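Trainee: As input, take work_9.pdb (PDB, C-alpha atoms):
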```pdb
MODEL        1
ATOM      1  CA  MET A   1      81.482  68.548 144.095
ATOM      2  CA  GLU A   2      83.475  71.598 142.977
ATOM      3  CA  ASP A   3      85.014  71.471 139.496
ATOM      4  CA  ILE A   4      88.754  72.127 139.725
ATOM      5  CA  ILE A   5      90.595  73.684 136.772
ATOM      6  CA  ILE A   6      94.055  74.265 138.303
ATOM      7  CA  LYS A   7      95.835  71.845 140.621
ATOM      8  CA  ILE A   8      99.077  72.943 142.265
ATOM      9  CA  LYS A   9     101.168  70.358 144.101
ATOM     10  CA  GLU A  10     104.256  71.493 146.014
ATOM     11  CA  ALA A  11     105.140  73.922 143.199
ATOM     12  CA  SER A  12     108.026  76.306 143.796
ATOM     13  CA  VAL A  13     110.683  78.264 141.933
ATOM     14  CA  CYS A  14     114.048  79.485 143.120
ATOM     15  CA  PHE A  15     116.046  82.376 141.695
ATOM     16  CA  LYS A  16     119.283  83.960 142.829
ATOM     17  CA  ASP A  17     117.520  86.655 144.832
ATOM     18  CA  PHE A  18     114.001  85.272 145.286
ATOM     19  CA  VAL A  19     112.269  82.049 146.277
ATOM     20  CA  LEU A  20     108.578  81.269 145.923
ATOM     21  CA  GLU A  21     108.093  78.581 148.547
ATOM     22  CA  PRO A  22     106.307  75.262 147.834
ATOM     23  CA  LEU A  23     102.584  75.746 147.344
ATOM     24  CA  SER A  24      99.718  73.270 147.102
ATOM     25  CA  LEU A  25      96.155  74.315 146.317
ATOM     26  CA  ASN A  26      93.220  73.787 143.960
ATOM     27  CA  ILE A  27      91.590  76.618 142.022
ATOM     28  CA  PRO A  28      87.924  76.062 141.084
ATOM     29  CA  ARG A  29      86.529  76.600 137.600
ATOM     30  CA  GLY A  30      84.331  79.557 136.734
ATOM     31  CA  TYR A  31      85.435  81.999 139.431
ATOM     32  CA  ILE A  32      87.723  85.004 139.800
ATOM     33  CA  THR A  33      90.789  84.313 141.910
ATOM     34  CA  CYS A  34      92.845  87.357 142.807
ATOM     35  CA  ILE A  35      96.508  87.390 143.694
ATOM     36  CA  LYS A  36      97.504  90.218 145.972
ATOM     37  CA  GLY A  37     100.728  91.354 147.565
ATOM     38  CA  ALA A  38     103.218  94.187 147.584
ATOM     39  CA  ASN A  39     105.310  94.996 144.522
ATOM     40  CA  GLY A  40     108.043  92.393 144.245
ATOM     41  CA  ALA A  41     106.184  89.889 146.432
ATOM     42  CA  GLY A  42     106.004  87.291 143.657
ATOM     43  CA  LYS A  43     102.612  87.882 142.020
ATOM     44  CA  SER A  44     104.014  87.900 138.487
ATOM     45  CA  THR A  45     106.168  84.878 139.249
ATOM     46  CA  PHE A  46     103.129  82.953 140.447
ATOM     47  CA  LEU A  47     101.162  83.750 137.274
ATOM     48  CA  LYS A  48     104.116  82.811 135.073
ATOM     49  CA  MET A  49     104.295  79.466 136.888
ATOM     50  CA  ILE A  50     100.659  78.868 135.874
ATOM     51  CA  LEU A  51     101.612  79.728 132.278
ATOM     52  CA  GLY A  52     104.456  77.194 132.323
ATOM     53  CA  ASN A  53     107.223  79.775 131.946
ATOM     54  CA  PHE A  54     109.674  78.002 134.269
ATOM     55  CA  PRO A  55     110.780  74.586 132.931
ATOM     56  CA  LYS A  56     112.918  74.003 136.047
ATOM     57  CA  MET A  57     110.016  74.596 138.442
ATOM     58  CA  LYS A  58     109.779  72.050 141.236
ATOM     59  CA  GLY A  59     106.517  70.248 141.967
ATOM     60  CA  GLN A  60     103.658  70.175 139.469
ATOM     61  CA  ILE A  61     100.894  72.410 138.152
ATOM     62  CA  THR A  62      98.111  71.107 135.912
ATOM     63  CA  VAL A  63      95.404  72.990 134.037
ATOM     64  CA  ASN A  64      92.474  70.820 132.995
ATOM     65  CA  GLY A  65      94.611  67.824 133.848
ATOM     66  CA  MET A  66      97.463  68.911 131.552
ATOM     67  CA  ASP A  67     100.947  69.565 132.892
ATOM     68  CA  VAL A  68     101.883  73.239 132.398
ATOM     69  CA  ILE A  69     105.454  72.339 131.429
ATOM     70  CA  LYS A  70     104.959  69.208 129.331
ATOM     71  CA  GLU A  71     101.746  70.335 127.622
ATOM     72  CA  ARG A  72     102.263  74.090 127.615
ATOM     73  CA  ILE A  73     101.275  74.688 123.982
ATOM     74  CA  GLN A  74      97.944  72.873 124.351
ATOM     75  CA  ILE A  75      97.170  74.878 127.501
ATOM     76  CA  LEU A  76      98.051  78.237 125.933
ATOM     77  CA  GLU A  77      95.625  77.541 123.083
ATOM     78  CA  LYS A  78      92.852  77.837 125.667
ATOM     79  CA  THR A  79      94.409  80.512 127.893
ATOM     80  CA  GLY A  80      94.002  84.253 127.475
ATOM     81  CA  VAL A  81      96.654  86.619 128.823
ATOM     82  CA  VAL A  82      96.725  90.310 129.695
ATOM     83  CA  LEU A  83     100.334  91.123 130.524
ATOM     84  CA  ASP A  84     102.496  94.227 130.492
ATOM     85  CA  GLU A  85     104.563  92.802 127.660
ATOM     86  CA  LYS A  86     104.745  93.507 123.938
ATOM     87  CA  ILE A  87     103.444  90.287 122.412
ATOM     88  CA  PHE A  88     101.755  91.706 119.296
ATOM     89  CA  PHE A  89     103.053  93.349 116.115
ATOM     90  CA  GLU A  90     103.390  96.926 117.349
ATOM     91  CA  ASN A  91     103.483  98.532 113.897
ATOM     92  CA  GLU A  92     100.268  96.833 112.774
ATOM     93  CA  ASP A  93      96.631  97.413 113.678
ATOM     94  CA  ALA A  94      94.121  95.035 115.276
ATOM     95  CA  ILE A  95      92.980  93.632 111.931
ATOM     96  CA  LYS A  96      96.505  92.802 110.754
ATOM     97  CA  ASN A  97      97.329  91.248 114.111
ATOM     98  CA  GLU A  98      94.237  89.083 113.725
ATOM     99  CA  GLU A  99      95.507  87.891 110.340
ATOM    100  CA  TYR A 100      98.877  86.955 111.840
ATOM    101  CA  PHE A 101      97.717  85.279 115.038
ATOM    102  CA  SER A 102      94.235  83.824 114.467
ATOM    103  CA  PRO A 103      95.519  80.725 112.558
ATOM    104  CA  PHE A 104      97.189  79.584 115.791
ATOM    105  CA  TYR A 105      93.844  79.335 117.616
ATOM    106  CA  LYS A 106      91.428  76.570 116.665
ATOM    107  CA  ASN A 107      88.466  78.319 118.294
ATOM    108  CA  TRP A 108      89.086  81.788 116.852
ATOM    109  CA  ASP A 109      85.798  83.660 116.280
ATOM    110  CA  LYS A 110      86.085  86.703 114.027
ATOM    111  CA  GLU A 111      82.685  88.034 115.039
ATOM    112  CA  ILE A 112      83.500  87.918 118.750
ATOM    113  CA  TYR A 113      86.805  89.693 118.066
ATOM    114  CA  ARG A 114      85.186  92.569 116.172
ATOM    115  CA  SER A 115      82.364  92.808 118.701
ATOM    116  CA  MET A 116      84.777  92.971 121.645
ATOM    117  CA  LEU A 117      86.937  95.623 119.966
ATOM    118  CA  LYS A 118      83.820  97.739 119.607
ATOM    119  CA  LYS A 119      82.715  97.049 123.175
ATOM    120  CA  MET A 120      86.161  98.026 124.468
ATOM    121  CA  ASN A 121      86.250 101.167 122.327
ATOM    122  CA  VAL A 122      89.506 100.069 120.717
ATOM    123  CA  SER A 123      89.936 101.269 117.137
ATOM    124  CA  PRO A 124      90.594  98.310 114.790
ATOM    125  CA  SER A 125      92.642 100.592 112.519
ATOM    126  CA  LYS A 126      94.993 101.993 115.172
ATOM    127  CA  ASN A 127      98.465 100.490 115.394
ATOM    128  CA  ILE A 128      98.949  98.480 118.571
ATOM    129  CA  GLY A 129     102.095 100.446 119.397
ATOM    130  CA  ASN A 130     100.039 103.648 119.521
ATOM    131  CA  LEU A 131      97.531 102.351 122.065
ATOM    132  CA  SER A 132      97.538 103.865 125.534
ATOM    133  CA  LYS A 133      98.196 101.589 128.521
ATOM    134  CA  GLY A 134      94.464 101.323 129.183
ATOM    135  CA  GLU A 135      93.648 100.655 125.537
ATOM    136  CA  ARG A 136      96.338  97.975 125.401
ATOM    137  CA  ALA A 137      94.831  96.148 128.398
ATOM    138  CA  LYS A 138      91.385  96.295 126.805
ATOM    139  CA  TYR A 139      92.796  95.142 123.468
ATOM    140  CA  GLN A 140      94.389  92.084 125.054
ATOM    141  CA  LEU A 141      91.068  91.272 126.712
ATOM    142  CA  ALA A 142      89.267  91.589 123.365
ATOM    143  CA  PHE A 143      91.899  89.417 121.657
ATOM    144  CA  SER A 144      91.585  86.750 124.339
ATOM    145  CA  ALA A 145      87.798  86.668 124.065
ATOM    146  CA  ALA A 146      88.061  85.832 120.355
ATOM    147  CA  TYR A 147      89.284  82.292 121.018
ATOM    148  CA  LYS A 148      86.981  81.697 124.008
ATOM    149  CA  PRO A 149      89.614  80.782 126.593
ATOM    150  CA  GLU A 150      88.808  78.584 129.546
ATOM    151  CA  LEU A 151      91.401  80.440 131.624
ATOM    152  CA  LEU A 152      92.280  84.152 131.620
ATOM    153  CA  VAL A 153      95.485  85.344 133.319
ATOM    154  CA  LEU A 154      95.970  89.059 134.017
ATOM    155  CA  ASP A 155      99.014  90.620 135.673
ATOM    156  CA  GLU A 156      98.059  93.989 137.215
ATOM    157  CA  PRO A 157      96.034  94.964 134.121
ATOM    158  CA  ALA A 158      94.951  98.343 135.514
ATOM    159  CA  ALA A 159      98.195  99.380 137.226
ATOM    160  CA  GLY A 160      98.887 103.095 137.011
ATOM    161  CA  LEU A 161      95.477 103.905 135.559
ATOM    162  CA  ASP A 162      92.845 106.265 136.897
ATOM    163  CA  PRO A 163      90.233 104.995 139.411
ATOM    164  CA  VAL A 164      87.331 105.309 136.955
ATOM    165  CA  PHE A 165      89.052 103.100 134.386
ATOM    166  CA  ARG A 166      89.998 100.605 137.083
ATOM    167  CA  LYS A 167      86.385 100.261 138.172
ATOM    168  CA  ASP A 168      85.165  99.820 134.601
ATOM    169  CA  PHE A 169      87.893  97.315 133.747
ATOM    170  CA  PHE A 170      87.215  95.075 136.729
ATOM    171  CA  LYS A 171      83.516  95.189 135.891
ATOM    172  CA  LEU A 172      84.449  93.896 132.431
ATOM    173  CA  LEU A 173      86.165  90.936 134.062
ATOM    174  CA  GLN A 174      82.969  89.993 135.878
ATOM    175  CA  GLU A 175      81.092  90.182 132.578
ATOM    176  CA  PHE A 176      83.804  88.037 130.961
ATOM    177  CA  VAL A 177      83.260  85.265 133.500
ATOM    178  CA  SER A 178      79.503  85.428 133.053
ATOM    179  CA  GLU A 179      79.569  85.530 129.245
ATOM    180  CA  TYR A 180      82.355  83.037 128.494
ATOM    181  CA  GLN A 181      82.232  80.837 131.634
ATOM    182  CA  ALA A 182      85.944  81.465 132.034
ATOM    183  CA  THR A 183      88.158  81.149 135.089
ATOM    184  CA  ILE A 184      90.148  84.293 135.864
ATOM    185  CA  LEU A 185      93.426  84.787 137.723
ATOM    186  CA  VAL A 186      94.176  88.474 138.231
ATOM    187  CA  SER A 187      96.845  90.207 140.267
ATOM    188  CA  ASP A 188      96.621  93.695 141.695
ATOM    189  CA  ASN A 189      98.195  95.538 144.600
ATOM    190  CA  ILE A 190      95.183  97.728 145.424
ATOM    191  CA  GLU A 191      92.910  95.758 147.743
ATOM    192  CA  GLU A 192      89.754  97.750 147.060
ATOM    193  CA  ASN A 193      89.850  96.570 143.441
ATOM    194  CA  LEU A 194      90.068  92.944 144.488
ATOM    195  CA  ASP A 195      87.365  93.155 147.149
ATOM    196  CA  GLN A 196      84.801  94.246 144.556
ATOM    197  CA  ILE A 197      85.148  91.295 142.206
ATOM    198  CA  THR A 198      86.933  88.417 143.890
ATOM    199  CA  ASP A 199      85.653  84.967 144.789
ATOM    200  CA  PHE A 200      88.978  83.646 146.107
ATOM    201  CA  ILE A 201      92.181  85.364 147.202
ATOM    202  CA  ILE A 202      95.796  84.235 147.099
ATOM    203  CA  THR A 203      98.045  86.455 149.209
ATOM    204  CA  ILE A 204     101.789  86.376 148.583
ATOM    205  CA  GLU A 205     104.150  87.748 151.213
ATOM    206  CA  ASN A 206     107.886  87.097 151.451
ATOM    207  CA  GLY A 207     107.603  84.202 149.024
ATOM    208  CA  LYS A 208     104.829  82.487 150.973
ATOM    209  CA  CYS A 209     101.286  82.023 149.647
ATOM    210  CA  THR A 210      98.025  81.778 151.560
ATOM    211  CA  TYR A 211      94.664  80.938 149.947
ATOM    212  CA  LYS A 212      91.116  81.694 151.094
ATOM    213  CA  SER A 213      87.620  82.464 149.834
ATOM    214  CA  SER A 214      86.642  86.132 149.910
TER     215      SER A 214
ENDMDL
END
```
I'd like the structure from this file rewritten - as structure tokens, please.
Mentor:
Amino acid sequence: MEDIIIKIKEASVCFKDFVLEPLSLNIPRGYITCIKGANGAGKSTFLKMILGNFPKMKGQITVNGMDVIKERIQILEKTGVVLDEKIFFENEDAIKNEEYFSPFYKNWDKEIYRSMLKKMNVSPSKNIGNLSKGERAKYQLAFSAAYKPELLVLDEPAAGLDPVFRKDFFKLLQEFVSEYQATILVSDNIEENLDQITDFIITIENGKCTYKSS
């Protein structure tokens, strides 16, 4: 019997100019599930629903049996994120950011953090605000690895980057699953990226989601 990590039951959100229609599905543990769709289709909204960002969301989403709204903090302790948002101290380097944030993660592993920074070729002494877009994505992946998340959520992590970097980055995701037994949700709007690494695909079009194995 397949082990399910995410259960979605009639979950939907409604904004003034956009509606993500009710969705019900189960996402299995230990695989890469890709979310694809055109820009503005709702990929980011879907991922933010998984992260519990919408308290007024209808329906229910659980991660490891925990409600993403009611038990959001507990879920985030075991969830890694790679988002196009400034969530770190931009004027500090990787080591200082570790000092600030590591106390919030019970499973933080300093050795994994330093090892991943080296593997990603991210300088530990370079201020986060001075990292390129590609370096920032790799840094967030390294940071996430340090607390051994069960779930990793990435919102178009390689958008706007060259094809060589894209290929290398998506290969890193496969290694992440293998090494940390994590479940990955990743969005991208270039299908050839998804086809190379995906186990399951969620397609979002006009606020409607469809789900299938690759």
Trainee: Report, in Å with one decimal, the straight-line distance from atom CA of Asp17 of chain A to atom CA of Gly40 of chain A.
Mentor: 11.1 Å
Trainee: Excluding segment 179-182 of chain A and residues on its chain fewer than 6 positions from it, collect all residues at most 8 Å away from it, counting all atoms listed in the file, and give them as an NGL selection string.
Mentor: :A and (29-31 or 145 or 148-152)
Trainee: Which residues would end up in the selection if the PyMOL selection byres ((chain A and resi 61-78) around 8) were applied here, given that I need the answer as a count of residues only?
Mentor: 26
Trainee: Between A:Lys86, A:Lys48, A:Arg166, A:Lys119, which is the closest to Leu154 of chain A once you count only C-alpha atoms?
Mentor: A:Lys48
Trainee: Just want the 10 Å neighbourhood of Glu135 of chain A, counted on only C-alpha atoms, with same-chain residues fewer than 3 positions away dropped. Output as a PyMOL selection string.
Mentor: chain A and resi 120-123+128+130-132+138-141
Trainee: Could you save the residues just selected, with C-alpha atoms, as a compact mmCIF listing (two decimals), keeping the file's coordinate frame?
Mentor:
```
# COMPACT_ATOMS: atom_id res chain seq x y z
CA MET A 120 86.16 98.03 124.47
CA ASN A 121 86.25 101.17 122.33
CA VAL A 122 89.51 100.07 120.72
CA SER A 123 89.94 101.27 117.14
CA ILE A 128 98.95 98.48 118.57
CA ASN A 130 100.04 103.65 119.52
CA LEU A 131 97.53 102.35 122.06
CA SER A 132 97.54 103.86 125.53
CA LYS A 138 91.38 96.30 126.80
CA TYR A 139 92.80 95.14 123.47
CA GLN A 140 94.39 92.08 125.05
CA LEU A 141 91.07 91.27 126.71
```
Trainee: Which is closest to Ser187 of chain A among A:Glu175, A:Asp93, A:Asp84, A:Asp168, if we use all atoms listed in the file?
Mentor: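 Using all atoms listed in the file, Ser187 of chain A sits closest to A:Asp84.
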Trainee: Please identify all polymer residues lying at most 9 Å from the point (91.2, 92.6, 114.2) (file coordinates), using all atoms listed in the file, and present the result as a PDB file with C-alpha atoms, keeping the file's coordinate frame.
Mentor:
```
ATOM      1  CA  ASP A  93      96.631  97.413 113.678  1.00  0.00           C
ATOM      2  CA  ALA A  94      94.121  95.035 115.276  1.00  0.00           C
ATOM      3  CA  ILE A  95      92.980  93.632 111.931  1.00  0.00           C
ATOM      4  CA  LYS A  96      96.505  92.802 110.754  1.00  0.00           C
ATOM      5  CA  ASN A  97      97.329  91.248 114.111  1.00  0.00           C
ATOM      6  CA  GLU A  98      94.237  89.083 113.725  1.00  0.00           C
ATOM      7  CA  GLU A  99      95.507  87.891 110.340  1.00  0.00           C
ATOM      8  CA  LYS A 110      86.085  86.703 114.027  1.00  0.00           C
ATOM      9  CA  TYR A 113      86.805  89.693 118.066  1.00  0.00           C
ATOM     10  CA  ARG A 114      85.186  92.569 116.172  1.00  0.00           C
ATOM     11  CA  LEU A 117      86.937  95.623 119.966  1.00  0.00           C
ATOM     12  CA  PRO A 124      90.594  98.310 114.790  1.00  0.00           C
ATOM     13  CA  SER A 125      92.642 100.592 112.519  1.00  0.00           C
ATOM     14  CA  PHE A 143      91.899  89.417 121.657  1.00  0.00           C
TER      15      PHE A 143
END
```
Trainee: Could you tell me how far atom CA of Val153 of chain A lies from atom CA of Val186 of chain A, in Å and to one decimal?
Mentor: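 We find that atom CA of Val153 of chain A and atom CA of Val186 of chain A lie 6.0 Å from each other.
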Trainee: Have a look at A:Ala137, A:Phe200, A:Asn26, A:Asn39 and name the one nearest to Leu172 of chain A; count all atoms listed in the file.
Mentor: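 Ranking A:Ala137, A:Phe200, A:Asn26, A:Asn39 by distance to Leu172 of chain A, first place goes to A:Ala137.
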Trainee: Which distance in Å separates atom CA of Ala38 of chain A and atom CA of Ile87 of chain A, to one decimal?
Mentor: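 A separation of 25.5 Å between them.
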Trainee: Restricting the calculation to all atoms listed in the file: of A:Leu25, A:Leu173, A:Ala158, A:Cys14, which residue gets closest to Cys209 of chain A?
Mentor: A:Leu25
Trainee: Starting from the displayed file, determine the output of the PyMOL selection byres ((chain A and resi 21) around 12) and express the residue list as a list in words.
Mentor: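 With the PyMOL selection byres ((chain A and resi 21) around 12) on this model, the match is Lys9, Glu10, Ala11, Ser12, Val13, Cys14, Phe15, Phe18, Val19, Leu20, Pro22, Leu23, Ser24, Ala41, Gly42, Thr45, Phe46, Met57, Lys58, Gly59, Ile204, Glu205, Asn206, Gly207, Lys208, Cys209 and Thr210 of chain A.
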Trainee: Atoms to include: C-alpha atoms. Write the selected residues as a short mmCIF file (atom, residue, chain, number, x, y, z; two decimals), in the frame of the given file.
Mentor:
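Result written to selection_16.cif:
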```
data_model
loop_
_atom_site.label_atom_id
_atom_site.label_comp_id
_atom_site.auth_asym_id
_atom_site.auth_seq_id
_atom_site.Cartn_x
_atom_site.Cartn_y
_atom_site.Cartn_z
CA LYS A 9 101.17 70.36 144.10
CA GLU A 10 104.26 71.49 146.01
CA ALA A 11 105.14 73.92 143.20
CA SER A 12 108.03 76.31 143.80
CA VAL A 13 110.68 78.26 141.93
CA CYS A 14 114.05 79.48 143.12
CA PHE A 15 116.05 82.38 141.70
CA PHE A 18 114.00 85.27 145.29
CA VAL A 19 112.27 82.05 146.28
CA LEU A 20 108.58 81.27 145.92
CA PRO A 22 106.31 75.26 147.83
CA LEU A 23 102.58 75.75 147.34
CA SER A 24 99.72 73.27 147.10
CA ALA A 41 106.18 89.89 146.43
CA GLY A 42 106.00 87.29 143.66
CA THR A 45 106.17 84.88 139.25
CA PHE A 46 103.13 82.95 140.45
CA MET A 57 110.02 74.60 138.44
CA LYS A 58 109.78 72.05 141.24
CA GLY A 59 106.52 70.25 141.97
CA ILE A 204 101.79 86.38 148.58
CA GLU A 205 104.15 87.75 151.21
CA ASN A 206 107.89 87.10 151.45
CA GLY A 207 107.60 84.20 149.02
CA LYS A 208 104.83 82.49 150.97
CA CYS A 209 101.29 82.02 149.65
CA THR A 210 98.02 81.78 151.56
#
```
Trainee: Take the PyMOL selection byres ((chain A and resi 201) around 12), apply it to the structure above, and return the hits as a CSV table (one decimal) with C-alpha atoms, in the coordinates of the input.
Mentor:
```csv
chain,number,residue,atom,x,y,z
A,25,LEU,CA,96.2,74.3,146.3
A,27,ILE,CA,91.6,76.6,142.0
A,28,PRO,CA,87.9,76.1,141.1
A,31,TYR,CA,85.4,82.0,139.4
A,32,ILE,CA,87.7,85.0,139.8
A,33,THR,CA,90.8,84.3,141.9
A,34,CYS,CA,92.8,87.4,142.8
A,35,ILE,CA,96.5,87.4,143.7
A,36,LYS,CA,97.5,90.2,146.0
A,37,GLY,CA,100.7,91.4,147.6
A,43,LYS,CA,102.6,87.9,142.0
A,184,ILE,CA,90.1,84.3,135.9
A,185,LEU,CA,93.4,84.8,137.7
A,186,VAL,CA,94.2,88.5,138.2
A,187,SER,CA,96.8,90.2,140.3
A,188,ASP,CA,96.6,93.7,141.7
A,191,GLU,CA,92.9,95.8,147.7
A,194,LEU,CA,90.1,92.9,144.5
A,195,ASP,CA,87.4,93.2,147.1
A,196,GLN,CA,84.8,94.2,144.6
A,197,ILE,CA,85.1,91.3,142.2
A,198,THR,CA,86.9,88.4,143.9
A,199,ASP,CA,85.7,85.0,144.8
A,200,PHE,CA,89.0,83.6,146.1
A,202,ILE,CA,95.8,84.2,147.1
A,203,THR,CA,98.0,86.5,149.2
A,204,ILE,CA,101.8,86.4,148.6
A,209,CYS,CA,101.3,82.0,149.6
A,210,THR,CA,98.0,81.8,151.6
A,211,TYR,CA,94.7,80.9,149.9
A,212,LYS,CA,91.1,81.7,151.1
A,213,SER,CA,87.6,82.5,149.8
A,214,SER,CA,86.6,86.1,149.9
```
Trainee: Find, counting all atoms listed in the file, the residue in A:Lys167, A:Thr183, A:Asp3, A:Glu156 that gets nearest to Glu85 of chain A.
Mentor: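 Among A:Lys167, A:Thr183, A:Asp3, A:Glu156, it is A:Glu156 that comes nearest to Glu85 of chain A.
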